[in-house]
Each structure stands twice: as structure tokens, then as C-alpha cells.
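Structure file input14.pdb; described as PDB, C-alpha atoms.
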```
MODEL        1
ATOM      1  CA  MET A  19      -0.104  25.886 -13.692
ATOM      2  CA  LYS A  20       2.898  27.884 -12.426
ATOM      3  CA  THR A  21       2.440  26.377  -8.947
ATOM      4  CA  LYS A  22       2.345  22.848 -10.367
ATOM      5  CA  ILE A  23       5.474  23.457 -12.457
ATOM      6  CA  LYS A  24       7.235  24.835  -9.380
ATOM      7  CA  ASN A  25       6.252  21.766  -7.341
ATOM      8  CA  VAL A  26       7.480  19.433 -10.074
ATOM      9  CA  GLY A  27      10.749  21.367 -10.124
ATOM     10  CA  LEU A  28      11.147  20.979  -6.362
ATOM     11  CA  PHE A  29      10.497  17.253  -6.660
ATOM     12  CA  LEU A  30      13.116  16.908  -9.395
ATOM     13  CA  LEU A  31      15.628  18.839  -7.271
ATOM     14  CA  PHE A  32      14.978  16.566  -4.303
ATOM     15  CA  ALA A  33      15.099  13.468  -6.527
ATOM     16  CA  THR A  34      18.464  14.555  -7.898
ATOM     17  CA  PHE A  35      19.843  14.970  -4.362
ATOM     18  CA  ALA A  36      18.416  11.622  -3.256
ATOM     19  CA  THR A  37      19.661   9.840  -6.375
ATOM     20  CA  ASN A  38      23.182  11.157  -5.769
ATOM     21  CA  SER A  39      22.965   9.929  -2.191
ATOM     22  CA  PHE A  40      21.660   6.596  -3.480
ATOM     23  CA  ALA A  41      24.646   6.263  -5.817
ATOM     24  CA  GLN A  42      27.099   7.117  -3.033
ATOM     25  CA  ASP A  43      25.447   4.548  -0.773
ATOM     26  CA  GLN A  44      26.035   1.663  -3.189
ATOM     27  CA  GLY A  45      29.497   1.044  -1.831
ATOM     28  CA  GLN A  46      28.196   0.689   1.724
ATOM     29  CA  HIS A  47      26.511  -2.452   3.064
ATOM     30  CA  ASN A  48      23.432  -2.276   5.240
ATOM     31  CA  PRO A  49      21.514  -5.484   6.152
ATOM     32  CA  ARG A  50      18.256  -3.573   5.705
ATOM     33  CA  ASP A  51      19.044  -2.618   2.112
ATOM     34  CA  GLY A  52      17.260  -4.188  -0.841
ATOM     35  CA  PHE A  53      13.771  -4.625  -2.244
ATOM     36  CA  ASN A  54      10.647  -4.665  -0.092
ATOM     37  CA  LEU A  55       7.054  -5.424  -1.044
ATOM     38  CA  GLY A  56       4.355  -3.763   1.020
ATOM     39  CA  VAL A  57       0.618  -3.338   1.452
ATOM     40  CA  SER A  58      -1.076  -0.208   2.761
ATOM     41  CA  ALA A  59      -4.409   1.028   4.063
ATOM     42  CA  GLY A  60      -5.495   4.561   4.874
ATOM     43  CA  THR A  61      -7.709   7.478   3.902
ATOM     44  CA  TRP A  62      -7.560  11.000   2.475
ATOM     45  CA  PHE A  63      -8.685  14.374   3.789
ATOM     46  CA  PRO A  64      -9.675  16.905   1.075
ATOM     47  CA  THR A  65      -8.648  20.523   1.765
ATOM     48  CA  GLY A  66     -10.793  22.523  -0.699
ATOM     49  CA  ASN A  67     -14.113  22.298  -2.523
ATOM     50  CA  ASN A  68     -13.349  18.599  -2.925
ATOM     51  CA  LYS A  69     -14.413  18.067   0.709
ATOM     52  CA  VAL A  70     -17.698  16.803  -0.766
ATOM     53  CA  LEU A  71     -15.766  13.639  -1.666
ATOM     54  CA  GLY A  72     -15.536  12.682   2.006
ATOM     55  CA  ASN A  73     -12.889  10.386   3.468
ATOM     56  CA  PRO A  74     -12.637   7.222   1.355
ATOM     57  CA  ILE A  75     -10.702   4.066   2.066
ATOM     58  CA  ILE A  76      -7.327   3.759   0.297
ATOM     59  CA  GLY A  77      -5.771   0.354  -0.284
ATOM     60  CA  GLY A  78      -2.453  -0.026  -2.025
ATOM     61  CA  LEU A  79       0.664  -1.929  -3.004
ATOM     62  CA  ILE A  80       4.235  -0.640  -2.685
ATOM     63  CA  LEU A  81       7.486  -1.830  -4.230
ATOM     64  CA  ASP A  82      10.396  -0.219  -2.421
ATOM     65  CA  LEU A  83      14.149  -0.240  -3.040
ATOM     66  CA  LYS A  84      16.284   0.905  -0.104
ATOM     67  CA  SER A  85      19.980   1.725  -0.170
ATOM     68  CA  ASN A  86      21.343   2.961   3.151
ATOM     69  CA  LYS A  87      19.521   6.257   3.801
ATOM     70  CA  THR A  88      17.658   6.562   0.487
ATOM     71  CA  SER A  89      14.500   4.786  -0.634
ATOM     72  CA  VAL A  90      12.704   4.875  -3.971
ATOM     73  CA  SER A  91       9.190   3.458  -4.191
ATOM     74  CA  LEU A  92       6.600   2.612  -6.815
ATOM     75  CA  VAL A  93       3.156   3.099  -5.272
ATOM     76  CA  PHE A  94      -0.239   1.965  -6.575
ATOM     77  CA  ASP A  95      -3.417   3.014  -4.740
ATOM     78  CA  MET A  96      -7.085   2.178  -5.242
ATOM     79  CA  ILE A  97      -9.615   4.535  -3.635
ATOM     80  CA  PHE A  98     -13.143   3.482  -2.610
ATOM     81  CA  ASN A  99     -15.641   5.881  -1.055
ATOM     82  CA  VAL A 100     -17.245   3.516   1.404
ATOM     83  CA  ALA A 101     -17.492   6.405   3.896
ATOM     84  CA  LYS A 102     -20.127   9.168   3.803
ATOM     85  CA  THR A 103     -20.084  11.249   0.629
ATOM     86  CA  ASP A 104     -22.211  14.312  -0.152
ATOM     87  CA  THR A 105     -24.525  14.195  -3.166
ATOM     88  CA  LEU A 106     -22.442  14.844  -6.277
ATOM     89  CA  PHE A 107     -23.925  16.492  -9.370
ATOM     90  CA  ILE A 108     -22.309  15.283 -12.592
ATOM     91  CA  LYS A 109     -23.025  16.597 -16.080
ATOM     92  CA  HIS A 110     -23.532  13.821 -18.605
ATOM     93  CA  ASN A 111     -24.582  14.920 -22.098
ATOM     94  CA  ASP A 112     -27.463  17.368 -21.476
ATOM     95  CA  GLU A 113     -28.541  16.066 -18.075
ATOM     96  CA  ILE A 114     -27.362  16.382 -14.480
ATOM     97  CA  VAL A 115     -26.858  13.062 -12.719
ATOM     98  CA  LYS A 116     -26.920  12.713  -8.939
ATOM     99  CA  ARG A 117     -24.233  10.458  -7.512
ATOM    100  CA  THR A 118     -23.164   9.390  -4.024
ATOM    101  CA  ASN A 119     -20.132   7.323  -4.964
ATOM    102  CA  TYR A 120     -17.018   7.369  -7.122
ATOM    103  CA  PHE A 121     -13.929   5.291  -7.794
ATOM    104  CA  ALA A 122     -10.311   6.409  -8.108
ATOM    105  CA  GLY A 123      -6.784   5.137  -8.606
ATOM    106  CA  GLN A 124      -3.319   6.646  -8.568
ATOM    107  CA  LEU A 125       0.179   5.546  -9.526
ATOM    108  CA  GLY A 126       3.111   7.370  -7.981
ATOM    109  CA  PHE A 127       6.880   7.368  -7.643
ATOM    110  CA  ASP A 128       8.256   8.394  -4.220
ATOM    111  CA  VAL A 129      11.790   9.274  -3.160
ATOM    112  CA  ASP A 130      12.578   9.393   0.584
ATOM    113  CA  TYR A 131      15.642  10.170   2.655
ATOM    114  CA  GLU A 132      16.282   9.144   6.266
ATOM    115  CA  LEU A 133      16.613  12.146   8.570
ATOM    116  CA  TYR A 134      16.954  10.256  11.844
ATOM    117  CA  GLU A 135      17.541   6.655  12.907
ATOM    118  CA  LYS A 136      17.818   5.084  16.318
ATOM    119  CA  ASN A 137      17.591   1.351  16.978
ATOM    120  CA  ASN A 138      14.495   0.207  15.052
ATOM    121  CA  PHE A 139      12.940   3.639  14.562
ATOM    122  CA  VAL A 140      13.489   5.712  11.398
ATOM    123  CA  LEU A 141      12.165   9.153  10.401
ATOM    124  CA  GLN A 142      11.999   9.925   6.674
ATOM    125  CA  ALA A 143      11.093  12.906   4.499
ATOM    126  CA  GLY A 144      10.610  13.035   0.761
ATOM    127  CA  SER A 145       8.293  13.696  -2.133
ATOM    128  CA  GLY A 146       6.414  11.890  -4.846
ATOM    129  CA  ILE A 147       5.125  12.525  -8.330
ATOM    130  CA  GLY A 148       2.524  10.607 -10.296
ATOM    131  CA  TYR A 149      -0.853  10.450 -11.983
ATOM    132  CA  GLY A 150      -4.342   9.826 -10.631
ATOM    133  CA  ASN A 151      -7.841   9.449 -12.057
ATOM    134  CA  ILE A 152     -11.293   9.773 -10.492
ATOM    135  CA  SER A 153     -14.332   8.187 -12.164
ATOM    136  CA  TYR A 154     -17.455  10.085 -11.068
ATOM    137  CA  TYR A 155     -20.018   8.371 -13.289
ATOM    138  CA  ASN A 156     -19.923   5.205 -15.369
ATOM    139  CA  PRO A 157     -23.371   4.315 -16.789
ATOM    140  CA  ASN A 158     -21.981   1.610 -19.086
ATOM    141  CA  LYS A 159     -18.700   0.223 -20.377
ATOM    142  CA  ASP A 160     -18.511   2.768 -23.215
ATOM    143  CA  VAL A 161     -19.218   5.938 -21.213
ATOM    144  CA  ASN A 162     -17.252   7.323 -18.293
ATOM    145  CA  VAL A 163     -17.257  10.808 -16.751
ATOM    146  CA  ASP A 164     -13.841  11.095 -15.158
ATOM    147  CA  LYS A 165     -10.910  13.441 -14.574
ATOM    148  CA  GLY A 166      -7.212  12.662 -14.508
ATOM    149  CA  SER A 167      -4.490  14.767 -12.923
ATOM    150  CA  LEU A 168      -0.752  14.820 -12.398
ATOM    151  CA  PHE A 169       0.177  15.248  -8.749
ATOM    152  CA  VAL A 170       3.126  16.187  -6.561
ATOM    153  CA  SER A 171       3.097  14.783  -3.024
ATOM    154  CA  PRO A 172       5.662  15.836  -0.387
ATOM    155  CA  GLY A 173       5.477  13.837   2.804
ATOM    156  CA  VAL A 174       7.027  12.407   5.960
ATOM    157  CA  SER A 175       7.165   8.848   7.276
ATOM    158  CA  MET A 176       7.819   7.105  10.568
ATOM    159  CA  LYS A 177       9.143   3.568  10.182
ATOM    160  CA  TYR A 178       9.533   0.877  12.836
ATOM    161  CA  TYR A 179      11.406  -2.358  12.089
ATOM    162  CA  VAL A 180      10.004  -5.601  13.516
ATOM    163  CA  GLY A 181      12.612  -7.745  11.766
ATOM    164  CA  GLN A 182      15.784  -7.316   9.741
ATOM    165  CA  ARG A 183      13.792  -6.074   6.724
ATOM    166  CA  SER A 184      10.113  -6.197   7.693
ATOM    167  CA  HIS A 185       8.647  -3.016   9.146
ATOM    168  CA  PHE A 186       5.558  -0.926   9.789
ATOM    169  CA  LYS A 187       5.423   2.609   8.431
ATOM    170  CA  PHE A 188       3.037   5.495   9.007
ATOM    171  CA  ARG A 189       3.093   7.904   6.059
ATOM    172  CA  LEU A 190       1.606  11.399   5.791
ATOM    173  CA  GLN A 191       1.536  13.118   2.372
ATOM    174  CA  TYR A 192       0.108  16.318   0.903
ATOM    175  CA  TYR A 193      -1.092  15.920  -2.683
ATOM    176  CA  VAL A 194      -1.253  18.876  -5.077
ATOM    177  CA  ALA A 195      -3.722  17.831  -7.795
ATOM    178  CA  ASN A 196      -6.809  18.985  -9.683
ATOM    179  CA  TYR A 197      -9.771  16.642 -10.171
ATOM    180  CA  LYS A 198     -12.276  19.361 -11.074
ATOM    181  CA  LEU A 199     -14.387  18.543 -14.136
ATOM    182  CA  LYS A 200     -14.013  20.992 -16.999
ATOM    183  CA  ASP A 201     -17.670  22.031 -17.203
ATOM    184  CA  ASN A 202     -19.189  24.726 -14.950
ATOM    185  CA  VAL A 203     -22.290  22.729 -14.053
ATOM    186  CA  SER A 204     -20.927  19.688 -12.228
ATOM    187  CA  THR A 205     -19.961  19.861  -8.553
ATOM    188  CA  ASN A 206     -16.694  21.755  -8.082
ATOM    189  CA  PHE A 207     -14.044  19.226  -7.038
ATOM    190  CA  LYS A 208     -11.111  21.643  -7.063
ATOM    191  CA  GLY A 209      -8.741  21.199  -4.129
ATOM    192  CA  ASN A 210      -5.752  19.303  -2.809
ATOM    193  CA  TYR A 211      -5.788  16.531  -0.240
ATOM    194  CA  ILE A 212      -3.846  14.887   2.567
ATOM    195  CA  THR A 213      -3.391  11.125   2.828
ATOM    196  CA  THR A 214      -2.537   9.003   5.844
ATOM    197  CA  LYS A 215      -1.429   5.410   5.394
ATOM    198  CA  LEU A 216      -0.324   2.520   7.555
ATOM    199  CA  ILE A 217       2.070   0.315   5.598
ATOM    200  CA  TYR A 218       3.444  -3.127   6.301
ATOM    201  CA  ALA A 219       6.419  -4.181   4.177
ATOM    202  CA  TRP A 220       8.687  -7.206   4.174
TER     203      TRP A 220
ENDMDL
END
```
Written as C-alpha cells, that's how I'd like the structure from this file.
Amino acid sequence: MKTKIKNVGLFLLFATFATNSFAQDQGQHNPRDGFNLGVSAGTWFPTGNNKVLGNPIIGGLILDLKSNKTSVSLVFDMIFNVAKTDTLFIKHNDEIVKRTNYFAGQLGFDVDYELYEKNNFVLQAGSGIGYGNISYYNPNKDVNVDKGSLFVSPGVSMKYYVGQRSHFKFRLQYYVANYKLKDNVSTNFKGNYITTKLIYAW
């Protein structure tokens, strides 16, 4: 808990710095400033006991507002484990259910700042905060074994412009979260994860 509070504090500190920069940038005109809508595809790499979840496919939508060197983004991701997943053991009532799939989603808010820019290439660093949920077992519409978690997600991005506003971006983020179920019988899903995404925005 202390670690999570510390990470949230670091995000808020960075967000304050970026927001101040954003406000200062309002008086400056940049043809690349404004709103962008983007789509993304990628995967995640668990770093703890959650490695049993494998490397699912992540598909997402991004709404980004850029002002000079600062960007703020609303990010929505859907996560599908179409890749190989170990057998998962999920406690449901008084039985243990074997599963080989799951479904997840996450909604985040990212703040990024440009560290380097040359021609059409831009390097960014920043952090995000948000909420995610993994559904491990859903036998019917009224029952769902799932776990939600707040997350903090520092990251770096490499952006390449192919037009005045349109661009490709490769984003690497480290997510601090906890999707472990509360019982001591189900598979232990405790651990953080790394995501990689390729984004196209216009």
C-alpha cells in the first residue's frame, strides 16, 4: 500500500509539472497542437506470479490533447488472451474451476512531456494513472469472478510524424497493479506488468 501511495504521489508531482508546462504553452502556436484520435495494438509481459496469464493481445483507443511539449491522453484498452495461457485455478463458491482464458479492460489517464525533438522524430517520457479489471470466470450473466485494481504506469514513447498531425508512436509502460484474488486457493496473480503498444493517431 505504501508503495502504491508513493507511486500515485510521484504521478501527481509529474502531472503538476506537466500541467504547468501545458498552461505556459498555451500562448505559443505549434501546427502539431490540438486533439488527436488514435488506435493501438500491443501486448503485456507479466513480471511476477502473474506470468501464468501469458502475453495477451491489447487493442485500444486513445484521445490525446497536445500543446507544444505536453500531451494529456485518455486511454481505453481491451485485453484478450488469444496467446498461450497456463491453466488457471479459480475458486467459485466451494469448487475450484479450471480456466485457460480471461478478459480484461483498463481505463487510464496519461501525461507526457517531450524530452527531445528533431524533424519528425519525438521522444517522450511520462506517467499514467487509472483503473483496470480482470474477469477470470463468468459462468453466467449474474456471476463473475473478477478483480479490479488501481494502477500507476510510468513510461516512454517514440513518436514519428508522417503528416502535420498524424503519427506513429511506440509506447513502453510499466504498470504497478494488483490483480490477485483475495482467497488463498485460486492461482496467485500477484505481480506487475510491462506493456508495449504501436499507436497510430491522426
For the contact check between range 125-183 of chain A and range 114-119 of chain A, emit one row per residue of range 125-183 of chain A within 10 Å, containing the shortest atom pair and the distance in Å rounded to one decimal, counting only C-alpha atoms, chain then rising number order, as a Markdown table.
```
| residue | atom | partner | partner_atom | distance |
| --- | --- | --- | --- | --- |
| A:Ser153 | CA | A:Asn119 | CA | 9.3 |
| A:Tyr154 | CA | A:Asn119 | CA | 7.2 |
| A:Tyr155 | CA | A:Arg117 | CA | 7.4 |
```
Exactly which residues make up the result of the PyMOL selection byres ((chain A and resi 83-95) around 7) on this file, given as a PyMOL selection string?
chain A and resi 36+39-40+43-44+48+51-54+76-82+96-97+123-132
For Leu133 in chain A, find every residue with an atom within 9 Å (counting only C-alpha atoms), except residues of its own chain fewer than 6 positions away, and show them as a PyMOL selection string.
chain A and resi 87+140-143
Counting all atoms listed in the file, the option among A:Tyr193, A:Phe63, A:Phe188, A:Tyr120 closest to Pro157 in chain A:
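That would be A:Tyr120, the residue with the smallest distance to Pro157 in chain A.
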In Å, rounded to a single decimal, give me how far CA of Tyr149 in chain A is from CA of Gly166 in chain A.
7.2 Å
I want to know what sits within 12 Å of Asp164 in chain A, based on only C-alpha atoms, with residues of the same chain fewer than 5 positions away left out; could you give that as a PyMOL selection string?
chain A and resi 108-110+120-123+150-157+196-201+204+207
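Relative to CA of Thr214 in chain A, CA of Asn137 in chain A is found at 24.2 Å.
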In the coordinates of the file, take the point (10.9, -0.8, 7.8) and a cut-off of 10 Å; then, counting all atoms listed in the file, name each qualifying protein, DNA or RNA residue as a ChimeraX atom specification.
/A:50,54,56,84,138-140,176-187,217-220
So how far away is CA of Pro172 in chain A from CA of Trp62 in chain A, in Å?
14.4 Å
Could you name the residues that touch Ser171 in chain A at 6 Å or less, counting only C-alpha atoms, but leaving out those on the same chain fewer than 5 positions away, as a PyMOL selection string?
chain A and resi 145-146+191-193
Work out where the centre of an axis-aligned box around every listed atom of range 139-155 of chain A lies and how long its edges are once 3 Å is added on each side; give both in Å to one decimal as lines of an AutoDock Vina configuration file.
```
center_x = -3.3
center_y = 8.7
center_z = 0.6
size_x = 39.5
size_y = 16.1
size_z = 33.9
```
When you look at Thr61 in chain A with a cut-off of 7 Å (counting only C-alpha atoms), what residues show up, excluding the ones that are within fewer than 3 positions of it in the same chain? I need them as a short mmCIF file (atom, residue, chain, number, x, y, z; two decimals) with C-alpha atoms, in the coordinates of the input.
```
data_model
loop_
_atom_site.label_atom_id
_atom_site.label_comp_id
_atom_site.auth_asym_id
_atom_site.auth_seq_id
_atom_site.Cartn_x
_atom_site.Cartn_y
_atom_site.Cartn_z
CA ASN A 73 -12.89 10.39 3.47
CA PRO A 74 -12.64 7.22 1.36
CA ILE A 75 -10.70 4.07 2.07
CA ILE A 76 -7.33 3.76 0.30
CA THR A 213 -3.39 11.12 2.83
CA THR A 214 -2.54 9.00 5.84
CA LYS A 215 -1.43 5.41 5.39
#
```
